[in-house]
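What follows is query-v4.txt (compact mmCIF, N, CA and C atoms and all ligand atoms).
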```txt
# COMPACT_ATOMS: atom_id res chain seq x y z
N MET A 1 189.09 1.42 -20.42
CA MET A 1 188.79 1.79 -19.03
C MET A 1 187.27 1.66 -18.80
N ILE A 2 186.92 1.01 -17.71
CA ILE A 2 185.52 0.79 -17.37
C ILE A 2 185.17 1.66 -16.16
N ALA A 3 184.06 2.38 -16.27
CA ALA A 3 183.59 3.18 -15.14
C ALA A 3 182.64 2.33 -14.30
N ILE A 4 182.77 2.45 -12.99
CA ILE A 4 181.85 1.72 -12.11
C ILE A 4 181.39 2.63 -10.99
N GLY A 5 180.12 2.50 -10.62
CA GLY A 5 179.60 3.31 -9.53
C GLY A 5 178.36 2.67 -8.94
N CYS A 6 178.10 2.99 -7.69
CA CYS A 6 176.92 2.43 -7.00
C CYS A 6 176.45 3.39 -5.92
N ASP A 7 175.21 3.21 -5.48
CA ASP A 7 174.79 3.90 -4.26
C ASP A 7 175.07 2.96 -3.08
N HIS A 8 174.61 3.35 -1.89
CA HIS A 8 174.89 2.55 -0.69
C HIS A 8 174.34 1.13 -0.80
N GLY A 9 173.27 0.97 -1.58
CA GLY A 9 172.66 -0.36 -1.74
C GLY A 9 173.51 -1.31 -2.57
N GLY A 10 174.47 -0.74 -3.31
CA GLY A 10 175.25 -1.56 -4.23
C GLY A 10 176.69 -1.79 -3.83
N ILE A 11 177.05 -1.32 -2.64
CA ILE A 11 178.46 -1.38 -2.20
C ILE A 11 179.05 -2.80 -2.28
N ALA A 12 178.34 -3.78 -1.73
CA ALA A 12 178.91 -5.14 -1.66
C ALA A 12 179.04 -5.73 -3.07
N LEU A 13 178.04 -5.51 -3.90
CA LEU A 13 178.12 -6.06 -5.27
C LEU A 13 179.20 -5.35 -6.07
N LYS A 14 179.34 -4.05 -5.86
CA LYS A 14 180.41 -3.33 -6.58
C LYS A 14 181.77 -3.93 -6.21
N ALA A 15 181.97 -4.23 -4.94
CA ALA A 15 183.26 -4.81 -4.51
C ALA A 15 183.51 -6.15 -5.21
N GLU A 16 182.46 -6.94 -5.36
CA GLU A 16 182.61 -8.25 -6.04
C GLU A 16 182.93 -8.06 -7.52
N ILE A 17 182.30 -7.09 -8.14
CA ILE A 17 182.55 -6.85 -9.57
C ILE A 17 183.97 -6.30 -9.77
N ILE A 18 184.40 -5.46 -8.84
CA ILE A 18 185.78 -4.95 -8.91
C ILE A 18 186.78 -6.10 -8.80
N LYS A 19 186.49 -7.07 -7.95
CA LYS A 19 187.36 -8.27 -7.84
C LYS A 19 187.46 -8.95 -9.20
N TYR A 20 186.33 -9.08 -9.86
CA TYR A 20 186.30 -9.71 -11.20
C TYR A 20 187.14 -8.88 -12.18
N LEU A 21 186.98 -7.56 -12.17
CA LEU A 21 187.72 -6.70 -13.10
C LEU A 21 189.22 -6.83 -12.85
N GLU A 22 189.59 -6.83 -11.59
CA GLU A 22 191.02 -6.93 -11.24
C GLU A 22 191.58 -8.30 -11.63
N ALA A 23 190.82 -9.35 -11.37
CA ALA A 23 191.27 -10.71 -11.72
C ALA A 23 191.47 -10.84 -13.22
N ASN A 24 190.70 -10.08 -13.98
CA ASN A 24 190.79 -10.16 -15.45
C ASN A 24 191.61 -9.02 -16.05
N LYS A 25 192.32 -8.30 -15.18
CA LYS A 25 193.19 -7.21 -15.60
C LYS A 25 192.46 -6.19 -16.48
N ILE A 26 191.24 -5.89 -16.09
CA ILE A 26 190.45 -4.87 -16.79
C ILE A 26 190.58 -3.57 -15.99
N GLU A 27 191.05 -2.52 -16.65
CA GLU A 27 191.22 -1.24 -15.96
C GLU A 27 189.85 -0.64 -15.66
N TYR A 28 189.74 -0.03 -14.50
CA TYR A 28 188.46 0.57 -14.13
C TYR A 28 188.69 1.83 -13.31
N LYS A 29 187.65 2.66 -13.28
CA LYS A 29 187.67 3.83 -12.41
C LYS A 29 186.43 3.76 -11.54
N ASP A 30 186.62 3.81 -10.24
CA ASP A 30 185.53 3.67 -9.27
C ASP A 30 185.02 5.05 -8.86
N PHE A 31 183.78 5.34 -9.23
CA PHE A 31 183.20 6.65 -8.94
C PHE A 31 182.38 6.66 -7.64
N GLY A 32 182.61 5.67 -6.79
CA GLY A 32 181.92 5.66 -5.51
C GLY A 32 180.56 4.97 -5.63
N THR A 33 179.77 5.05 -4.64
CA THR A 33 180.04 5.57 -3.34
C THR A 33 181.01 4.64 -2.60
N TYR A 34 181.65 5.14 -1.58
CA TYR A 34 182.72 4.37 -0.94
C TYR A 34 182.36 3.91 0.48
N SER A 35 181.17 4.25 0.96
CA SER A 35 180.78 3.80 2.30
C SER A 35 179.31 3.40 2.28
N SER A 36 178.87 2.80 3.37
CA SER A 36 177.47 2.34 3.40
C SER A 36 176.52 3.46 3.84
N GLU A 37 177.07 4.65 4.00
CA GLU A 37 176.23 5.81 4.35
C GLU A 37 175.27 6.10 3.19
N SER A 38 174.03 6.42 3.52
CA SER A 38 173.02 6.66 2.49
C SER A 38 173.42 7.78 1.54
N CYS A 39 173.21 7.56 0.24
CA CYS A 39 173.50 8.61 -0.75
C CYS A 39 172.44 8.52 -1.84
N ASP A 40 172.49 9.45 -2.78
CA ASP A 40 171.45 9.53 -3.82
C ASP A 40 172.01 9.05 -5.15
N TYR A 41 171.37 8.03 -5.73
CA TYR A 41 171.91 7.38 -6.94
C TYR A 41 172.14 8.33 -8.13
N PRO A 42 171.36 9.42 -8.32
CA PRO A 42 171.68 10.30 -9.46
C PRO A 42 173.07 10.93 -9.33
N ASP A 43 173.51 11.13 -8.08
CA ASP A 43 174.83 11.74 -7.84
C ASP A 43 175.96 10.81 -8.26
N ILE A 44 175.69 9.54 -8.34
CA ILE A 44 176.69 8.56 -8.78
C ILE A 44 176.56 8.33 -10.29
N ALA A 45 175.32 8.27 -10.77
CA ALA A 45 175.11 8.03 -12.22
C ALA A 45 175.79 9.14 -13.03
N LEU A 46 175.70 10.37 -12.57
CA LEU A 46 176.20 11.51 -13.37
C LEU A 46 177.70 11.42 -13.69
N PRO A 47 178.59 11.27 -12.70
CA PRO A 47 180.02 11.20 -13.05
C PRO A 47 180.38 9.98 -13.89
N VAL A 48 179.69 8.86 -13.67
CA VAL A 48 179.95 7.67 -14.49
C VAL A 48 179.58 7.98 -15.96
N CYS A 49 178.43 8.58 -16.15
CA CYS A 49 177.99 8.94 -17.52
C CYS A 49 178.94 9.95 -18.14
N LYS A 50 179.34 10.94 -17.37
CA LYS A 50 180.26 11.97 -17.90
C LYS A 50 181.56 11.34 -18.36
N SER A 51 182.05 10.35 -17.63
CA SER A 51 183.33 9.73 -18.00
C SER A 51 183.21 8.97 -19.32
N ILE A 52 182.02 8.51 -19.63
CA ILE A 52 181.80 7.81 -20.90
C ILE A 52 181.67 8.84 -22.03
N LEU A 53 180.94 9.89 -21.77
CA LEU A 53 180.74 10.92 -22.80
C LEU A 53 182.05 11.62 -23.16
N SER A 54 182.95 11.72 -22.19
CA SER A 54 184.24 12.37 -22.45
C SER A 54 185.26 11.39 -23.04
N SER A 55 184.84 10.11 -23.17
CA SER A 55 185.72 9.03 -23.67
C SER A 55 186.83 8.64 -22.69
N GLU A 56 186.77 9.16 -21.47
CA GLU A 56 187.72 8.69 -20.46
C GLU A 56 187.49 7.19 -20.21
N CYS A 57 186.21 6.82 -20.19
CA CYS A 57 185.85 5.41 -20.03
C CYS A 57 185.04 4.95 -21.23
N GLU A 58 185.21 3.69 -21.54
CA GLU A 58 184.54 3.15 -22.74
C GLU A 58 183.11 2.69 -22.43
N LYS A 59 182.97 2.00 -21.30
CA LYS A 59 181.66 1.52 -20.88
C LYS A 59 181.54 1.69 -19.37
N GLY A 60 180.30 1.48 -18.87
CA GLY A 60 180.09 1.67 -17.44
C GLY A 60 179.24 0.58 -16.81
N ILE A 61 179.37 0.51 -15.49
CA ILE A 61 178.59 -0.42 -14.68
C ILE A 61 177.99 0.38 -13.52
N LEU A 62 176.68 0.34 -13.38
CA LEU A 62 176.00 1.09 -12.31
C LEU A 62 175.17 0.14 -11.46
N ILE A 63 175.18 0.36 -10.17
CA ILE A 63 174.47 -0.53 -9.25
C ILE A 63 173.72 0.29 -8.19
N CYS A 64 172.46 -0.05 -7.98
CA CYS A 64 171.76 0.45 -6.79
C CYS A 64 170.96 -0.73 -6.23
N GLY A 65 170.03 -0.49 -5.35
CA GLY A 65 169.32 -1.61 -4.73
C GLY A 65 168.55 -2.43 -5.75
N THR A 66 167.76 -1.75 -6.54
CA THR A 66 166.98 -2.43 -7.58
C THR A 66 167.63 -2.33 -8.95
N GLY A 67 168.50 -1.37 -9.12
CA GLY A 67 169.06 -1.05 -10.44
C GLY A 67 168.19 -0.06 -11.21
N ILE A 68 167.01 0.19 -10.69
CA ILE A 68 166.04 1.00 -11.44
C ILE A 68 166.37 2.49 -11.36
N GLY A 69 166.53 2.99 -10.15
CA GLY A 69 166.78 4.44 -10.00
C GLY A 69 168.04 4.88 -10.71
N ILE A 70 169.08 4.08 -10.59
CA ILE A 70 170.37 4.50 -11.16
C ILE A 70 170.36 4.36 -12.68
N SER A 71 169.64 3.37 -13.21
CA SER A 71 169.56 3.23 -14.67
C SER A 71 168.64 4.31 -15.26
N MET A 72 167.57 4.62 -14.57
CA MET A 72 166.69 5.70 -15.05
C MET A 72 167.43 7.03 -15.07
N SER A 73 168.24 7.26 -14.03
CA SER A 73 169.02 8.51 -13.95
C SER A 73 169.99 8.58 -15.12
N ALA A 74 170.70 7.49 -15.36
CA ALA A 74 171.70 7.48 -16.45
C ALA A 74 171.04 7.74 -17.80
N ASN A 75 169.87 7.17 -18.00
CA ASN A 75 169.21 7.32 -19.30
C ASN A 75 168.62 8.71 -19.52
N LYS A 76 168.66 9.57 -18.51
CA LYS A 76 168.26 10.98 -18.69
C LYS A 76 169.36 11.78 -19.36
N ILE A 77 170.54 11.20 -19.44
CA ILE A 77 171.70 11.94 -19.93
C ILE A 77 171.93 11.63 -21.40
N LYS A 78 172.00 12.68 -22.20
CA LYS A 78 172.17 12.54 -23.65
C LYS A 78 173.39 11.71 -23.99
N GLY A 79 173.22 10.73 -24.85
CA GLY A 79 174.34 9.92 -25.29
C GLY A 79 174.49 8.62 -24.52
N ILE A 80 173.70 8.49 -23.45
CA ILE A 80 173.80 7.28 -22.63
C ILE A 80 172.69 6.30 -23.01
N ARG A 81 173.10 5.04 -23.12
CA ARG A 81 172.15 3.94 -23.30
C ARG A 81 172.47 2.91 -22.21
N CYS A 82 171.70 3.01 -21.14
CA CYS A 82 171.95 2.18 -19.96
C CYS A 82 170.90 1.07 -19.89
N ALA A 83 171.37 -0.17 -19.82
CA ALA A 83 170.44 -1.32 -19.80
C ALA A 83 170.48 -2.00 -18.43
N LEU A 84 169.32 -2.09 -17.82
CA LEU A 84 169.17 -2.81 -16.55
C LEU A 84 168.98 -4.28 -16.89
N CYS A 85 169.94 -5.10 -16.54
CA CYS A 85 169.93 -6.52 -16.95
C CYS A 85 170.12 -7.44 -15.76
N HIS A 86 169.25 -8.42 -15.67
CA HIS A 86 169.41 -9.43 -14.62
C HIS A 86 169.42 -10.84 -15.22
N ASP A 87 169.60 -10.93 -16.52
CA ASP A 87 169.70 -12.24 -17.16
C ASP A 87 170.71 -12.15 -18.30
N TYR A 88 171.26 -13.30 -18.65
CA TYR A 88 172.34 -13.39 -19.62
C TYR A 88 171.91 -12.92 -21.01
N PHE A 89 170.74 -13.35 -21.43
CA PHE A 89 170.25 -13.02 -22.78
C PHE A 89 170.17 -11.50 -22.96
N SER A 90 169.62 -10.80 -21.97
CA SER A 90 169.47 -9.34 -22.07
C SER A 90 170.84 -8.65 -22.10
N ALA A 91 171.77 -9.13 -21.25
CA ALA A 91 173.10 -8.50 -21.20
C ALA A 91 173.82 -8.66 -22.53
N LYS A 92 173.62 -9.78 -23.19
CA LYS A 92 174.26 -10.02 -24.48
C LYS A 92 173.57 -9.20 -25.59
N TYR A 93 172.25 -9.28 -25.62
CA TYR A 93 171.54 -8.65 -26.73
C TYR A 93 171.45 -7.13 -26.62
N THR A 94 171.62 -6.60 -25.42
CA THR A 94 171.62 -5.13 -25.34
C THR A 94 172.91 -4.58 -25.95
N ARG A 95 173.96 -5.38 -25.99
CA ARG A 95 175.17 -4.97 -26.72
C ARG A 95 174.96 -5.18 -28.23
N LEU A 96 174.49 -6.37 -28.60
CA LEU A 96 174.33 -6.69 -30.03
C LEU A 96 173.35 -5.74 -30.71
N HIS A 97 172.26 -5.44 -30.04
CA HIS A 97 171.17 -4.71 -30.71
C HIS A 97 171.02 -3.25 -30.30
N ASN A 98 171.38 -2.91 -29.06
CA ASN A 98 171.14 -1.54 -28.59
C ASN A 98 172.43 -0.74 -28.44
N ASP A 99 173.57 -1.38 -28.62
CA ASP A 99 174.87 -0.72 -28.43
C ASP A 99 174.91 0.01 -27.08
N SER A 100 174.43 -0.64 -26.05
CA SER A 100 174.39 -0.02 -24.71
C SER A 100 175.79 0.31 -24.24
N ASN A 101 175.92 1.46 -23.60
CA ASN A 101 177.24 1.81 -23.06
C ASN A 101 177.33 1.67 -21.54
N ILE A 102 176.22 1.35 -20.91
CA ILE A 102 176.24 1.07 -19.46
C ILE A 102 175.33 -0.12 -19.17
N ILE A 103 175.78 -0.98 -18.28
CA ILE A 103 174.90 -2.03 -17.75
C ILE A 103 174.61 -1.69 -16.28
N ALA A 104 173.37 -1.89 -15.89
CA ALA A 104 172.98 -1.61 -14.50
C ALA A 104 172.46 -2.88 -13.85
N PHE A 105 172.70 -2.97 -12.53
CA PHE A 105 172.23 -4.12 -11.75
C PHE A 105 171.53 -3.64 -10.48
N GLY A 106 170.64 -4.46 -10.00
CA GLY A 106 170.06 -4.28 -8.68
C GLY A 106 170.74 -5.25 -7.74
N ALA A 107 171.46 -4.72 -6.78
CA ALA A 107 172.22 -5.57 -5.86
C ALA A 107 171.29 -6.37 -4.95
N ARG A 108 170.04 -5.91 -4.83
CA ARG A 108 169.08 -6.67 -4.02
C ARG A 108 168.31 -7.66 -4.89
N VAL A 109 168.68 -7.73 -6.16
CA VAL A 109 167.97 -8.60 -7.10
C VAL A 109 168.82 -9.80 -7.52
N ILE A 110 170.10 -9.54 -7.81
CA ILE A 110 170.95 -10.66 -8.25
C ILE A 110 172.18 -10.78 -7.35
N GLY A 111 172.80 -11.93 -7.43
CA GLY A 111 174.02 -12.19 -6.65
C GLY A 111 175.26 -11.92 -7.49
N PRO A 112 176.42 -11.96 -6.84
CA PRO A 112 177.67 -11.63 -7.52
C PRO A 112 178.07 -12.61 -8.62
N GLY A 113 177.70 -13.89 -8.47
CA GLY A 113 178.06 -14.87 -9.50
C GLY A 113 177.43 -14.53 -10.83
N LEU A 114 176.14 -14.31 -10.81
CA LEU A 114 175.44 -13.95 -12.05
C LEU A 114 175.89 -12.58 -12.55
N ALA A 115 176.01 -11.62 -11.64
CA ALA A 115 176.39 -10.26 -12.06
C ALA A 115 177.73 -10.26 -12.80
N THR A 116 178.70 -11.01 -12.32
CA THR A 116 180.00 -11.01 -13.01
C THR A 116 179.92 -11.71 -14.35
N GLU A 117 179.07 -12.73 -14.47
CA GLU A 117 178.84 -13.36 -15.79
C GLU A 117 178.24 -12.33 -16.76
N LEU A 118 177.34 -11.52 -16.24
CA LEU A 118 176.68 -10.51 -17.09
C LEU A 118 177.67 -9.42 -17.50
N VAL A 119 178.54 -9.03 -16.56
CA VAL A 119 179.58 -8.05 -16.89
C VAL A 119 180.47 -8.62 -18.00
N ASP A 120 180.84 -9.88 -17.86
CA ASP A 120 181.73 -10.52 -18.83
C ASP A 120 181.12 -10.49 -20.23
N VAL A 121 179.88 -10.91 -20.36
CA VAL A 121 179.28 -10.94 -21.70
C VAL A 121 179.03 -9.52 -22.21
N PHE A 122 178.68 -8.61 -21.31
CA PHE A 122 178.45 -7.22 -21.71
C PHE A 122 179.73 -6.59 -22.27
N LEU A 123 180.83 -6.83 -21.60
CA LEU A 123 182.10 -6.20 -22.03
C LEU A 123 182.70 -6.87 -23.26
N ASN A 124 182.29 -8.10 -23.51
CA ASN A 124 182.93 -8.85 -24.60
C ASN A 124 182.03 -9.09 -25.81
N THR A 125 180.96 -8.37 -25.90
CA THR A 125 180.05 -8.52 -27.04
C THR A 125 180.00 -7.20 -27.80
N GLY A 126 180.16 -7.29 -29.11
CA GLY A 126 180.14 -6.09 -29.96
C GLY A 126 178.75 -5.76 -30.47
N PHE A 127 178.63 -4.58 -31.01
CA PHE A 127 177.37 -4.12 -31.60
C PHE A 127 177.25 -4.72 -33.00
N GLU A 128 176.07 -5.19 -33.32
CA GLU A 128 175.85 -5.85 -34.62
C GLU A 128 175.71 -4.85 -35.75
N GLY A 129 175.30 -3.64 -35.47
CA GLY A 129 175.14 -2.62 -36.51
C GLY A 129 173.99 -2.96 -37.44
N GLY A 130 174.13 -2.57 -38.74
CA GLY A 130 173.08 -2.86 -39.73
C GLY A 130 171.75 -2.25 -39.35
N ARG A 131 170.70 -3.07 -39.39
CA ARG A 131 169.35 -2.55 -39.09
C ARG A 131 169.28 -2.03 -37.65
N HIS A 132 170.11 -2.56 -36.80
CA HIS A 132 170.09 -2.11 -35.40
C HIS A 132 170.68 -0.70 -35.27
N ALA A 133 171.63 -0.37 -36.14
CA ALA A 133 172.21 0.98 -36.12
C ALA A 133 171.13 2.01 -36.48
N VAL A 134 170.29 1.65 -37.43
CA VAL A 134 169.20 2.55 -37.82
C VAL A 134 168.29 2.80 -36.61
N ARG A 135 168.00 1.74 -35.90
CA ARG A 135 167.10 1.86 -34.73
C ARG A 135 167.74 2.65 -33.59
N VAL A 136 169.03 2.39 -33.37
CA VAL A 136 169.72 3.12 -32.30
C VAL A 136 169.79 4.61 -32.67
N ASP A 137 170.04 4.91 -33.96
CA ASP A 137 170.06 6.31 -34.37
C ASP A 137 168.71 6.96 -34.12
N LYS A 138 167.64 6.24 -34.44
CA LYS A 138 166.29 6.80 -34.19
C LYS A 138 166.04 6.98 -32.69
N MET A 139 166.54 6.03 -31.91
CA MET A 139 166.38 6.13 -30.45
C MET A 139 167.07 7.39 -29.93
N MET A 140 168.29 7.62 -30.41
CA MET A 140 169.05 8.76 -29.91
C MET A 140 168.45 10.08 -30.39
N ALA A 141 167.80 10.05 -31.57
CA ALA A 141 167.16 11.27 -32.08
C ALA A 141 165.99 11.69 -31.18
N LEU A 142 165.44 10.76 -30.43
CA LEU A 142 164.35 11.08 -29.51
C LEU A 142 164.79 12.10 -28.46
N GLU A 143 166.11 12.11 -28.18
CA GLU A 143 166.64 13.03 -27.18
C GLU A 143 166.47 14.49 -27.59
N ASN A 144 166.35 14.71 -28.91
CA ASN A 144 166.34 16.10 -29.40
C ASN A 144 164.93 16.57 -29.77
N LEU A 145 163.93 15.75 -29.55
CA LEU A 145 162.56 16.15 -29.89
C LEU A 145 162.09 17.26 -28.97
N GLU A 146 161.41 18.22 -29.55
CA GLU A 146 160.77 19.26 -28.71
C GLU A 146 159.28 18.94 -28.71
N LEU A 147 158.76 18.48 -27.61
CA LEU A 147 157.35 18.05 -27.58
C LEU A 147 156.48 19.09 -26.91
C1 LIG B 201 168.06 2.98 -1.88
O1 LIG B 201 167.45 2.62 -0.71
C2 LIG B 201 167.26 2.49 -3.08
O2 LIG B 201 166.12 3.26 -3.23
C3 LIG B 201 168.08 2.54 -4.31
O3 LIG B 201 169.24 1.78 -4.13
C4 LIG B 201 167.44 1.99 -5.56
O4 LIG B 201 166.91 0.72 -5.34
C5 LIG B 201 166.48 2.88 -6.24
O5 LIG B 201 166.02 2.62 -7.36
```
Written form, structure tokens:
Amino acid sequence: MIAIGCDHGGIALKAEIIKYLEANKIEYKDFGTYSSESCDYPDIALPVCKSILSSECEKGILICGTGIGISMSANKIKGIRCALCHDYFSAKYTRLHNDSNIIAFGARVIGPGLATELVDVFLNTGFEGGRHAVRVDKMMALENLEL
């Protein structure tokens, strides 16, 4: 199950990505927003992240205008590794090397053709582990530092 969510800036791109998920028979849960009325991206990032942490969903897709606010919000949540990607190489390598559990897009930055290609490689690329697992473990340990 894939979690998907966007703010008002990402509505049209979310609809295109949902078309791709449905065409490929990929189950998804849509956490909104559902209208073009202005909303706040942290309010969407939170339920998407919670669904991943509870294992209801395996991975997530988040969209806002730039992708920045919603990815920054997601990365505030323990256990989340959200990668803002607008190119194929990053979408592939953030799975191979960072074991990212969410990909984020800026709907005002990329079009639906590229975004669906990035979703495809993100969902179909595994984590390489090995030396990268050591690094991801160290990354996650940063969440518990008392500075
Ligand atoms: C909303 O206007 C916009 O600020 C938001 O979608 C996003 O781009 C923020 O990072």
>> Would you pick out the contacts of segment 43-58 of chain A at 5 Å or less, using only N, CA and C atoms, so that residues sharing its chain but fewer than 3 positions from it are not included, and give the list as a VMD selection string?
In response: chain A and resid 1 to 2 40
Out of A:Ala74, A:Leu62, A:Ala133, A:Ala12, which residue has the shortest atom-to-atom distance to Pro42 of chain A when counting only N, CA and C atoms?
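For Pro42 of chain A, the nearest of the given residues is A:Ala74.
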Item checked: Nearby polymer residues, ligand LIG 201 (chain B), at most 8 Å, all atoms listed in the file, as a list in words -> Cys6, Asp7, His8, Gly9, Gly10, Ser38, Cys39, Asp40, Tyr41, Ile63, Cys64, Gly65, Thr66, Gly67, Ile68, Gly69, Ile70, Ser71, Met72, Gly106, Ala107 and Arg108 of chain A
Option closest in space to Leu96 of chain A, from A:Ile11, A:Met139, A:Gly129, A:Lys19 [counting all atoms listed in the file] =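 Between A:Ile11, A:Met139, A:Gly129, A:Lys19, the residue approaching Leu96 of chain A most closely is A:Gly129.
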**For Phe127 of chain A: contacts at 6.5 Å, only N, CA and C atoms, fewer than 4 positions along chain excluded, given as a list in words** =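 Counting only N, CA and C atoms, the residues come to Arg95, Leu96, His97 and Asp99 of chain A.
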Exercise. Would you please extract all helix (DSSP H, G or I) residues from chain A, as assigned by DSSP on the backbone, and give them as number ranges by chain?
Key: A: 8-23, 41-53, 68-74, 88-98, 112-123, 131-144
Reconstruct all heavy atoms of segment 15-23 of chain A; output as a PDB file, keeping the file's coordinate frame.
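Listing of out_14.pdb after writing:
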```
ATOM      1  N   ALA A  15     181.970  -4.230  -4.940  1.00  0.00           N
ATOM      2  CA  ALA A  15     183.260  -4.810  -4.510  1.00  0.00           C
ATOM      3  C   ALA A  15     183.510  -6.150  -5.210  1.00  0.00           C
ATOM      4  O   ALA A  15     184.639  -6.450  -5.615  1.00  0.00           O
ATOM      5  CB  ALA A  15     183.271  -4.975  -2.998  1.00  0.00           C
ATOM      6  N   GLU A  16     182.460  -6.940  -5.360  1.00  0.00           N
ATOM      7  CA  GLU A  16     182.610  -8.250  -6.040  1.00  0.00           C
ATOM      8  C   GLU A  16     182.930  -8.060  -7.520  1.00  0.00           C
ATOM      9  O   GLU A  16     183.755  -8.783  -8.085  1.00  0.00           O
ATOM     10  CB  GLU A  16     181.313  -9.067  -5.892  1.00  0.00           C
ATOM     11  CG  GLU A  16     181.034  -9.517  -4.479  1.00  0.00           C
ATOM     12  CD  GLU A  16     182.048 -10.545  -3.963  1.00  0.00           C
ATOM     13  OE1 GLU A  16     182.624 -11.282  -4.785  1.00  0.00           O
ATOM     14  OE2 GLU A  16     182.262 -10.597  -2.741  1.00  0.00           O
ATOM     15  N   ILE A  17     182.300  -7.090  -8.140  1.00  0.00           N
ATOM     16  CA  ILE A  17     182.550  -6.850  -9.570  1.00  0.00           C
ATOM     17  C   ILE A  17     183.970  -6.300  -9.770  1.00  0.00           C
ATOM     18  O   ILE A  17     184.662  -6.662 -10.720  1.00  0.00           O
ATOM     19  CB  ILE A  17     181.466  -5.917 -10.170  1.00  0.00           C
ATOM     20  CG1 ILE A  17     180.125  -6.658 -10.179  1.00  0.00           C
ATOM     21  CG2 ILE A  17     181.854  -5.463 -11.581  1.00  0.00           C
ATOM     22  CD1 ILE A  17     178.939  -5.826 -10.607  1.00  0.00           C
ATOM     23  N   ILE A  18     184.400  -5.460  -8.840  1.00  0.00           N
ATOM     24  CA  ILE A  18     185.780  -4.950  -8.910  1.00  0.00           C
ATOM     25  C   ILE A  18     186.780  -6.100  -8.800  1.00  0.00           C
ATOM     26  O   ILE A  18     187.783  -6.141  -9.512  1.00  0.00           O
ATOM     27  CB  ILE A  18     186.001  -3.847  -7.847  1.00  0.00           C
ATOM     28  CG1 ILE A  18     185.322  -2.557  -8.328  1.00  0.00           C
ATOM     29  CG2 ILE A  18     187.494  -3.623  -7.573  1.00  0.00           C
ATOM     30  CD1 ILE A  18     185.359  -1.402  -7.351  1.00  0.00           C
ATOM     31  N   LYS A  19     186.490  -7.070  -7.950  1.00  0.00           N
ATOM     32  CA  LYS A  19     187.360  -8.270  -7.840  1.00  0.00           C
ATOM     33  C   LYS A  19     187.460  -8.950  -9.200  1.00  0.00           C
ATOM     34  O   LYS A  19     188.538  -9.371  -9.608  1.00  0.00           O
ATOM     35  CB  LYS A  19     186.766  -9.266  -6.818  1.00  0.00           C
ATOM     36  CG  LYS A  19     187.197  -9.053  -5.404  1.00  0.00           C
ATOM     37  CD  LYS A  19     186.767 -10.279  -4.562  1.00  0.00           C
ATOM     38  CE  LYS A  19     186.365  -9.850  -3.174  1.00  0.00           C
ATOM     39  NZ  LYS A  19     185.560 -10.858  -2.468  1.00  0.00           N
ATOM     40  N   TYR A  20     186.330  -9.080  -9.860  1.00  0.00           N
ATOM     41  CA  TYR A  20     186.300  -9.710 -11.200  1.00  0.00           C
ATOM     42  C   TYR A  20     187.140  -8.880 -12.180  1.00  0.00           C
ATOM     43  O   TYR A  20     187.944  -9.431 -12.943  1.00  0.00           O
ATOM     44  CB  TYR A  20     184.853  -9.838 -11.702  1.00  0.00           C
ATOM     45  CG  TYR A  20     184.774  -9.975 -13.206  1.00  0.00           C
ATOM     46  CD1 TYR A  20     184.894 -11.225 -13.824  1.00  0.00           C
ATOM     47  CD2 TYR A  20     184.636  -8.844 -14.024  1.00  0.00           C
ATOM     48  CE1 TYR A  20     184.871 -11.340 -15.203  1.00  0.00           C
ATOM     49  CE2 TYR A  20     184.613  -8.951 -15.396  1.00  0.00           C
ATOM     50  CZ  TYR A  20     184.735 -10.200 -15.986  1.00  0.00           C
ATOM     51  OH  TYR A  20     184.725 -10.301 -17.362  1.00  0.00           O
ATOM     52  N   LEU A  21     186.980  -7.560 -12.170  1.00  0.00           N
ATOM     53  CA  LEU A  21     187.720  -6.700 -13.100  1.00  0.00           C
ATOM     54  C   LEU A  21     189.220  -6.830 -12.850  1.00  0.00           C
ATOM     55  O   LEU A  21     190.015  -6.958 -13.792  1.00  0.00           O
ATOM     56  CB  LEU A  21     187.276  -5.235 -12.955  1.00  0.00           C
ATOM     57  CG  LEU A  21     185.818  -4.927 -13.331  1.00  0.00           C
ATOM     58  CD1 LEU A  21     185.465  -3.485 -12.976  1.00  0.00           C
ATOM     59  CD2 LEU A  21     185.549  -5.169 -14.807  1.00  0.00           C
ATOM     60  N   GLU A  22     189.590  -6.830 -11.590  1.00  0.00           N
ATOM     61  CA  GLU A  22     191.020  -6.930 -11.240  1.00  0.00           C
ATOM     62  C   GLU A  22     191.580  -8.300 -11.630  1.00  0.00           C
ATOM     63  O   GLU A  22     192.666  -8.392 -12.202  1.00  0.00           O
ATOM     64  CB  GLU A  22     191.231  -6.637  -9.753  1.00  0.00           C
ATOM     65  CG  GLU A  22     190.992  -5.161  -9.459  1.00  0.00           C
ATOM     66  CD  GLU A  22     191.152  -4.777  -7.992  1.00  0.00           C
ATOM     67  OE1 GLU A  22     191.199  -5.686  -7.130  1.00  0.00           O
ATOM     68  OE2 GLU A  22     191.212  -3.562  -7.705  1.00  0.00           O
ATOM     69  N   ALA A  23     190.820  -9.350 -11.370  1.00  0.00           N
ATOM     70  CA  ALA A  23     191.270 -10.710 -11.720  1.00  0.00           C
ATOM     71  C   ALA A  23     191.470 -10.840 -13.220  1.00  0.00           C
ATOM     72  O   ALA A  23     192.298 -11.624 -13.675  1.00  0.00           O
ATOM     73  CB  ALA A  23     190.262 -11.734 -11.216  1.00  0.00           C
TER      74      ALA A  23
END
```
